[in-house]
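Participant: Next comes input_7.tsv, TSV, C-alpha atoms:
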chain	number	residue	atom	x	y	z
A	1	MET	CA	-28.32	96.36	-41.16
A	2	LEU	CA	-28.24	98.01	-37.73
A	3	ILE	CA	-25.26	95.98	-36.52
A	4	GLU	CA	-22.93	97.61	-39.08
A	5	THR	CA	-24.25	101.09	-38.31
A	6	ILE	CA	-23.62	100.69	-34.59
A	7	LYS	CA	-20.17	99.16	-35.15
A	8	ALA	CA	-19.24	101.99	-37.51
A	9	ARG	CA	-20.42	104.66	-35.06
A	10	PHE	CA	-18.92	103.24	-31.85
A	11	GLY	CA	-15.88	101.36	-33.18
A	12	ALA	CA	-13.62	100.09	-30.39
A	13	GLN	CA	-16.36	100.53	-27.77
A	14	ILE	CA	-17.99	97.40	-29.23
A	15	LEU	CA	-16.13	94.34	-27.95
A	16	THR	CA	-18.30	91.86	-29.86
A	17	ALA	CA	-21.28	92.11	-32.16
A	18	GLN	CA	-23.33	89.25	-33.51
A	19	ASN	CA	-26.58	88.61	-35.29
A	20	GLU	CA	-28.13	85.23	-34.64
A	21	ARG	CA	-31.73	84.45	-35.58
A	22	ASP	CA	-32.29	88.14	-36.36
A	23	GLU	CA	-31.30	89.11	-32.80
A	24	GLU	CA	-28.53	91.69	-32.69
A	25	THR	CA	-26.33	91.46	-29.59
A	26	PHE	CA	-23.46	93.75	-28.61
A	27	THR	CA	-20.92	93.41	-25.81
A	28	ILE	CA	-19.48	96.69	-24.56
A	29	GLU	CA	-16.94	97.84	-21.97
A	30	ARG	CA	-18.29	98.67	-18.53
A	31	GLU	CA	-16.28	101.90	-18.24
A	32	ARG	CA	-17.75	103.38	-21.44
A	33	ALA	CA	-21.25	101.94	-21.14
A	34	TYR	CA	-23.03	105.02	-19.79
A	35	ASP	CA	-21.87	107.21	-22.70
A	36	PHE	CA	-22.75	104.44	-25.16
A	37	PHE	CA	-26.27	104.08	-23.74
A	38	ARG	CA	-26.88	107.83	-23.74
A	39	ALA	CA	-25.71	108.09	-27.35
A	40	ILE	CA	-27.91	105.26	-28.66
A	41	ARG	CA	-30.88	106.82	-26.90
A	42	ASP	CA	-30.27	110.37	-28.16
A	43	GLU	CA	-28.78	110.06	-31.64
A	44	PRO	CA	-31.31	110.20	-34.50
A	45	ASP	CA	-29.89	107.09	-36.22
A	46	PHE	CA	-30.68	104.91	-33.19
A	47	GLN	CA	-33.34	106.44	-30.88
A	48	PHE	CA	-33.40	103.55	-28.40
A	49	ASN	CA	-35.97	105.25	-26.20
A	50	PHE	CA	-37.40	102.17	-24.47
A	51	LEU	CA	-35.54	99.96	-22.00
A	52	THR	CA	-37.44	96.67	-21.91
A	53	ASP	CA	-35.39	94.76	-19.37
A	54	VAL	CA	-32.20	94.63	-17.32
A	55	THR	CA	-31.10	91.24	-16.06
A	56	ALA	CA	-27.95	89.19	-15.60
A	57	VAL	CA	-26.55	85.78	-16.40
A	58	ASP	CA	-24.20	83.97	-14.02
A	59	TRP	CA	-21.56	81.93	-15.85
A	60	LEU	CA	-20.05	80.45	-12.69
A	61	GLU	CA	-16.94	78.97	-14.35
A	62	ARG	CA	-16.30	81.75	-16.89
A	63	LYS	CA	-14.34	85.01	-16.72
A	64	PRO	CA	-16.00	87.46	-16.53
A	65	ARG	CA	-18.49	85.59	-14.40
A	66	TYR	CA	-21.56	87.76	-15.05
A	67	ASP	CA	-23.17	89.36	-18.05
A	68	VAL	CA	-25.46	92.28	-17.25
A	69	VAL	CA	-27.96	92.25	-20.11
A	70	TYR	CA	-30.01	95.19	-21.41
A	71	GLN	CA	-32.90	94.73	-23.85
A	72	LEU	CA	-33.49	97.96	-25.79
A	73	ASN	CA	-36.11	99.07	-28.29
A	74	SER	CA	-36.52	102.05	-30.57
A	75	LEU	CA	-40.25	102.65	-30.75
A	76	ASN	CA	-39.75	105.27	-33.49
A	77	LEU	CA	-37.53	103.18	-35.77
A	78	ALA	CA	-38.73	99.68	-34.82
A	79	HIS	CA	-35.24	98.48	-33.85
A	80	ARG	CA	-34.44	96.04	-31.06
A	81	ILE	CA	-31.02	95.13	-29.66
A	82	ARG	CA	-29.45	93.35	-26.72
A	83	VAL	CA	-26.41	94.88	-25.00
A	84	LYS	CA	-24.21	92.92	-22.60
A	85	ILE	CA	-21.57	94.08	-20.15
A	86	GLY	CA	-19.24	91.48	-18.63
A	87	VAL	CA	-18.47	91.98	-14.92
A	88	ASP	CA	-16.45	89.99	-12.44
A	89	GLY	CA	-15.03	90.02	-8.95
A	90	PRO	CA	-16.42	89.42	-5.48
A	91	GLU	CA	-18.52	92.61	-5.72
A	92	PRO	CA	-19.55	92.97	-9.37
A	93	TRP	CA	-20.82	96.38	-10.49
A	94	VAL	CA	-21.94	98.48	-13.43
A	95	ASN	CA	-23.06	102.08	-13.60
A	96	SER	CA	-26.77	102.71	-13.22
A	97	VAL	CA	-28.71	103.84	-16.30
A	98	VAL	CA	-31.64	105.29	-14.32
A	99	GLY	CA	-30.54	108.75	-15.51
A	100	ILE	CA	-31.03	107.60	-19.12
A	101	TRP	CA	-34.12	105.41	-18.81
A	102	GLY	CA	-36.32	105.84	-15.75
A	103	ALA	CA	-37.60	102.29	-16.23
A	104	ALA	CA	-34.18	101.03	-15.08
A	105	ASP	CA	-35.04	101.94	-11.47
A	106	TRP	CA	-36.92	98.77	-10.54
A	107	LEU	CA	-35.17	96.57	-13.11
A	108	GLU	CA	-31.78	97.34	-11.56
A	109	ARG	CA	-33.17	96.74	-8.08
A	110	GLU	CA	-34.40	93.31	-9.12
A	111	CYS	CA	-31.04	92.44	-10.68
A	112	PHE	CA	-29.27	93.63	-7.53
A	113	ASP	CA	-31.58	91.56	-5.33
A	114	MET	CA	-31.31	88.34	-7.35
A	115	PHE	CA	-27.65	88.48	-8.49
A	116	GLY	CA	-25.95	90.92	-6.11
A	117	ILE	CA	-24.72	93.18	-8.89
A	118	ASP	CA	-24.23	96.76	-7.66
A	119	PHE	CA	-25.57	99.54	-9.89
A	120	LYS	CA	-23.36	102.50	-8.98
A	121	GLY	CA	-25.23	105.78	-8.93
A	122	HIS	CA	-28.65	104.18	-8.48
A	123	PRO	CA	-30.84	106.55	-6.41
A	124	ASP	CA	-32.27	103.87	-4.08
A	125	LEU	CA	-30.63	100.48	-4.61
A	126	ARG	CA	-32.14	97.99	-2.17
A	127	ARG	CA	-33.87	94.64	-2.09
A	128	ILE	CA	-37.36	94.53	-3.53
A	129	LEU	CA	-38.13	90.81	-3.80
A	130	MET	CA	-36.28	89.33	-0.83
A	131	TYR	CA	-36.56	90.69	2.70
A	132	ASP	CA	-33.77	92.89	4.04
A	133	SER	CA	-32.08	90.22	6.20
A	134	PHE	CA	-32.13	87.59	3.40
A	135	GLU	CA	-28.62	86.20	3.00
A	136	GLY	CA	-27.21	85.79	-0.48
A	137	HIS	CA	-28.61	86.22	-3.97
A	138	PRO	CA	-30.84	83.38	-5.14
A	139	LEU	CA	-30.09	83.49	-8.88
A	140	ARG	CA	-26.35	83.09	-8.45
A	141	LYS	CA	-25.18	79.65	-9.55
A	142	ASP	CA	-23.35	79.10	-6.25
A	143	TYR	CA	-26.40	79.88	-4.11
A	144	LEU	CA	-27.41	76.75	-2.20
A	145	TYR	CA	-31.00	75.89	-3.09
A	146	ASN	CA	-31.62	74.46	0.39
A	147	LYS	CA	-29.95	77.31	2.29
A	148	ARG	CA	-31.62	78.17	5.59
A	149	GLN	CA	-32.47	81.82	6.04
A	150	PRO	CA	-32.77	83.79	9.28
A	151	ILE	CA	-36.21	83.72	10.87
A	152	VAL	CA	-37.81	87.12	10.65
A	153	ALA	CA	-40.57	88.21	12.99
A	154	GLU	CA	-43.85	88.98	11.27
A	155	ILE	CA	-44.70	92.66	11.23
A	156	ASP	CA	-47.66	94.72	10.16
A	157	PRO	CA	-46.15	97.12	7.59
A	158	VAL	CA	-48.99	99.61	8.03
A	159	VAL	CA	-48.53	99.94	11.78
A	160	ASN	CA	-44.77	99.40	11.81
A	161	PRO	CA	-43.21	100.18	8.39
A	162	ILE	CA	-40.35	97.97	7.27
A	163	ARG	CA	-38.33	100.95	6.16
A	164	SER	CA	-38.65	104.55	7.19
A	165	SER	CA	-39.65	106.93	4.44
A	166	ARG	CA	-36.92	109.18	3.15
Go ahead and express the file in the form of structure tokens.
Facilitator:
Amino acid sequence: MLIETIKARFGAQILTAQNERDEETFTIERERAYDFFRAIRDEPDFQFNFLTDVTAVDWLERKPRYDVVYQLNSLNLAHRIRVKIGVDGPEPWVNSVVGIWGAADWLERECFDMFGIDFKGHPDLRRILMYDSFEGHPLRKDYLYNKRQPIVAEIDPVVNPIRSSR
């Protein structure tokens, strides 16, 4: 079973590991996550070469408040796992994995936009679903569903681009 192989290889880096309904889920430390992710992508026993999704879960009353969740697949070995990193504080953060999986670029931006989780080292972390002056992060449990947002003047993005090109 893959869960034992990963636990044997990474030892103390794995905070929790569980298999429920044939879904293997690991919780790892934020500080060692980048090295963990690079290893499970590159090592022949794992080959997790496809990042399917990056999202988060807000557990408003729990410590740590957020889980940043990565869905990973090995296309070569037909493995699939879920990896979670618990983060907390007024400005939650994890390290970006764009350098490992290019697909993380837009997935991390979406997670930043919806939950306000900072992905340190991301090459262009900015809102992609909400407009720039949107206040708050709509998927946080403490976001008021009836919150009034600032009125933004309509612009023609072709004539007057929202953001200047870099």
Participant: So that I can check the surroundings of Phe112 (chain A), please list as a ChimeraX atom specification every protein, DNA and RNA residue that reaches within 8 Å of it, counting all atoms listed in the file and ignoring chain neighbours fewer than 6 positions away.
Facilitator: /A:118-119,125-127
Participant: List the spatial neighbours of region 65-79 of chain A as a PDB file with C-alpha atoms, in the coordinates of the input - criterion: any atom at most 10 Å away, all atoms listed in the file, same-chain residues fewer than 6 positions off excluded.
Facilitator:
ATOM      1  CA  LEU A   2     -28.240  98.010 -37.730  1.00  0.00           C
ATOM      2  CA  GLU A  24     -28.530  91.690 -32.690  1.00  0.00           C
ATOM      3  CA  THR A  25     -26.330  91.460 -29.590  1.00  0.00           C
ATOM      4  CA  PHE A  26     -23.460  93.750 -28.610  1.00  0.00           C
ATOM      5  CA  THR A  27     -20.920  93.410 -25.810  1.00  0.00           C
ATOM      6  CA  ARG A  30     -18.290  98.670 -18.530  1.00  0.00           C
ATOM      7  CA  PHE A  37     -26.270 104.080 -23.740  1.00  0.00           C
ATOM      8  CA  ILE A  40     -27.910 105.260 -28.660  1.00  0.00           C
ATOM      9  CA  ARG A  41     -30.880 106.820 -26.900  1.00  0.00           C
ATOM     10  CA  PRO A  44     -31.310 110.200 -34.500  1.00  0.00           C
ATOM     11  CA  ASP A  45     -29.890 107.090 -36.220  1.00  0.00           C
ATOM     12  CA  PHE A  46     -30.680 104.910 -33.190  1.00  0.00           C
ATOM     13  CA  GLN A  47     -33.340 106.440 -30.880  1.00  0.00           C
ATOM     14  CA  PHE A  48     -33.400 103.550 -28.400  1.00  0.00           C
ATOM     15  CA  ASN A  49     -35.970 105.250 -26.200  1.00  0.00           C
ATOM     16  CA  PHE A  50     -37.400 102.170 -24.470  1.00  0.00           C
ATOM     17  CA  LEU A  51     -35.540  99.960 -22.000  1.00  0.00           C
ATOM     18  CA  THR A  52     -37.440  96.670 -21.910  1.00  0.00           C
ATOM     19  CA  ASP A  53     -35.390  94.760 -19.370  1.00  0.00           C
ATOM     20  CA  VAL A  54     -32.200  94.630 -17.320  1.00  0.00           C
ATOM     21  CA  THR A  55     -31.100  91.240 -16.060  1.00  0.00           C
ATOM     22  CA  ALA A  56     -27.950  89.190 -15.600  1.00  0.00           C
ATOM     23  CA  VAL A  57     -26.550  85.780 -16.400  1.00  0.00           C
ATOM     24  CA  ASP A  58     -24.200  83.970 -14.020  1.00  0.00           C
ATOM     25  CA  TRP A  59     -21.560  81.930 -15.850  1.00  0.00           C
ATOM     26  CA  ILE A  85     -21.570  94.080 -20.150  1.00  0.00           C
ATOM     27  CA  GLY A  86     -19.240  91.480 -18.630  1.00  0.00           C
ATOM     28  CA  VAL A  87     -18.470  91.980 -14.920  1.00  0.00           C
ATOM     29  CA  ASP A  88     -16.450  89.990 -12.440  1.00  0.00           C
ATOM     30  CA  GLY A  89     -15.030  90.020  -8.950  1.00  0.00           C
ATOM     31  CA  PRO A  90     -16.420  89.420  -5.480  1.00  0.00           C
ATOM     32  CA  PRO A  92     -19.550  92.970  -9.370  1.00  0.00           C
ATOM     33  CA  TRP A  93     -20.820  96.380 -10.490  1.00  0.00           C
ATOM     34  CA  VAL A  94     -21.940  98.480 -13.430  1.00  0.00           C
ATOM     35  CA  ALA A 104     -34.180 101.030 -15.080  1.00  0.00           C
ATOM     36  CA  LEU A 107     -35.170  96.570 -13.110  1.00  0.00           C
ATOM     37  CA  GLU A 108     -31.780  97.340 -11.560  1.00  0.00           C
ATOM     38  CA  CYS A 111     -31.040  92.440 -10.680  1.00  0.00           C
ATOM     39  CA  PHE A 115     -27.650  88.480  -8.490  1.00  0.00           C
ATOM     40  CA  ILE A 117     -24.720  93.180  -8.890  1.00  0.00           C
ATOM     41  CA  ARG A 140     -26.350  83.090  -8.450  1.00  0.00           C
TER      42      ARG A 140
END
Participant: Which residues are close to Asp35 (chain A), i.e. within 12 Å by only C-alpha atoms, leaving aside same-chain residues fewer than 2 positions away? Reply as an MDAnalysis selection string.
Facilitator: chainID A and resid 10 13 28:33 37:43 95:97 99:100
Participant: Between A:Ala17, A:Ala103, A:Met114, A:Leu144, which residue has the minimum interatomic distance to Leu129 (chain A), considering all atoms listed in the file?
Facilitator: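 Ranked by minimum distance to Leu129 (chain A), first place goes to A:Met114.
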Participant: Please, what distance in Å, to one decimal, runs between CA of Gly116 (chain A) and CA of Arg62 (chain A)?
Facilitator: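 So the answer is 17.1 Å.
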Participant: Ranking A:Trp101, A:Leu60, A:Trp106, A:Met1 by minimum distance to Leu139 (chain A) and counting only C-alpha atoms, which one comes first?
Facilitator: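 With only C-alpha atoms as the atom set, the closest residue is A:Leu60.
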Participant: Between CA of Asn160 (chain A) and CA of Asp132 (chain A), what distance in Å does the model show, to one decimal?
Facilitator: 15.0 Å
Participant: Which residues, written as a list in words, have at least one atom at most 10 Å from region 145-152 of chain A, with all atoms listed in the file counted and residues fewer than 2 positions away on the same chain left out?
Facilitator: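 Returned residues: Tyr131, Asp132, Ser133, Phe134, Glu135, Gly136, Pro138, Leu139, Lys141, Asp142, Tyr143, Glu154 and Ile155 of chain A.
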Participant: Let me have the centre and edge lengths in Å, one decimal, of the box along x, y and z around every listed atom of region 6-16 of chain A with 6 Å of margin on each side, as AutoDock Vina command-line options.
Facilitator:
--center_x -18.6 --center_y 98.3 --center_z -32.6 --size_x 22.0 --size_y 24.8 --size_z 21.7
Participant: Rebuild region 10-22 of chain A to N, CA, C and O atoms - output it as an mmCIF file, in the frame of the given file, please.
Facilitator:
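Heads up, here's the output in rebuild_20.cif:
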data_model
loop_
_atom_site.group_PDB
_atom_site.id
_atom_site.type_symbol
_atom_site.label_atom_id
_atom_site.label_comp_id
_atom_site.auth_asym_id
_atom_site.auth_seq_id
_atom_site.Cartn_x
_atom_site.Cartn_y
_atom_site.Cartn_z
ATOM 1 N N PHE A 10 -19.543 103.372 -33.164
ATOM 2 C CA PHE A 10 -18.920 103.240 -31.850
ATOM 3 C C PHE A 10 -17.565 102.529 -31.887
ATOM 4 O O PHE A 10 -16.865 102.520 -30.884
ATOM 5 N N GLY A 11 -17.210 101.925 -32.994
ATOM 6 C CA GLY A 11 -15.880 101.360 -33.180
ATOM 7 C C GLY A 11 -15.391 100.480 -32.054
ATOM 8 O O GLY A 11 -15.993 99.458 -31.724
ATOM 9 N N ALA A 12 -14.291 100.896 -31.410
ATOM 10 C CA ALA A 12 -13.620 100.090 -30.390
ATOM 11 C C ALA A 12 -14.452 99.913 -29.117
ATOM 12 O O ALA A 12 -14.135 99.049 -28.307
ATOM 13 N N GLN A 13 -15.494 100.712 -28.934
ATOM 14 C CA GLN A 13 -16.360 100.530 -27.770
ATOM 15 C C GLN A 13 -17.102 99.200 -27.841
ATOM 16 O O GLN A 13 -17.507 98.668 -26.818
ATOM 17 N N ILE A 14 -17.289 98.672 -29.032
ATOM 18 C CA ILE A 14 -17.990 97.400 -29.230
ATOM 19 C C ILE A 14 -16.957 96.285 -29.142
ATOM 20 O O ILE A 14 -16.073 96.165 -29.990
ATOM 21 N N LEU A 15 -17.056 95.463 -28.113
ATOM 22 C CA LEU A 15 -16.130 94.340 -27.950
ATOM 23 C C LEU A 15 -16.509 93.191 -28.868
ATOM 24 O O LEU A 15 -15.647 92.557 -29.473
ATOM 25 N N THR A 16 -17.807 92.872 -28.923
ATOM 26 C CA THR A 16 -18.300 91.860 -29.860
ATOM 27 C C THR A 16 -19.657 92.314 -30.378
ATOM 28 O O THR A 16 -20.383 93.059 -29.705
ATOM 29 N N ALA A 17 -19.979 91.846 -31.564
ATOM 30 C CA ALA A 17 -21.280 92.110 -32.160
ATOM 31 C C ALA A 17 -21.668 90.885 -32.965
ATOM 32 O O ALA A 17 -20.865 90.342 -33.716
ATOM 33 N N GLN A 18 -22.891 90.430 -32.767
ATOM 34 C CA GLN A 18 -23.330 89.250 -33.510
ATOM 35 C C GLN A 18 -24.816 89.350 -33.821
ATOM 36 O O GLN A 18 -25.569 90.010 -33.122
ATOM 37 N N ASN A 19 -25.185 88.684 -34.887
ATOM 38 C CA ASN A 19 -26.580 88.610 -35.290
ATOM 39 C C ASN A 19 -26.916 87.142 -35.478
ATOM 40 O O ASN A 19 -26.457 86.516 -36.424
ATOM 41 N N GLU A 20 -27.676 86.609 -34.545
ATOM 42 C CA GLU A 20 -28.130 85.230 -34.640
ATOM 43 C C GLU A 20 -29.638 85.204 -34.560
ATOM 44 O O GLU A 20 -30.221 85.787 -33.651
ATOM 45 N N ARG A 21 -30.268 84.554 -35.521
ATOM 46 C CA ARG A 21 -31.730 84.450 -35.580
ATOM 47 C C ARG A 21 -32.387 85.823 -35.549
ATOM 48 O O ARG A 21 -33.360 86.041 -34.841
ATOM 49 N N ASP A 22 -31.800 86.763 -36.282
ATOM 50 C CA ASP A 22 -32.290 88.140 -36.360
ATOM 51 C C ASP A 22 -32.317 88.847 -35.012
ATOM 52 O O ASP A 22 -33.108 89.767 -34.788
#
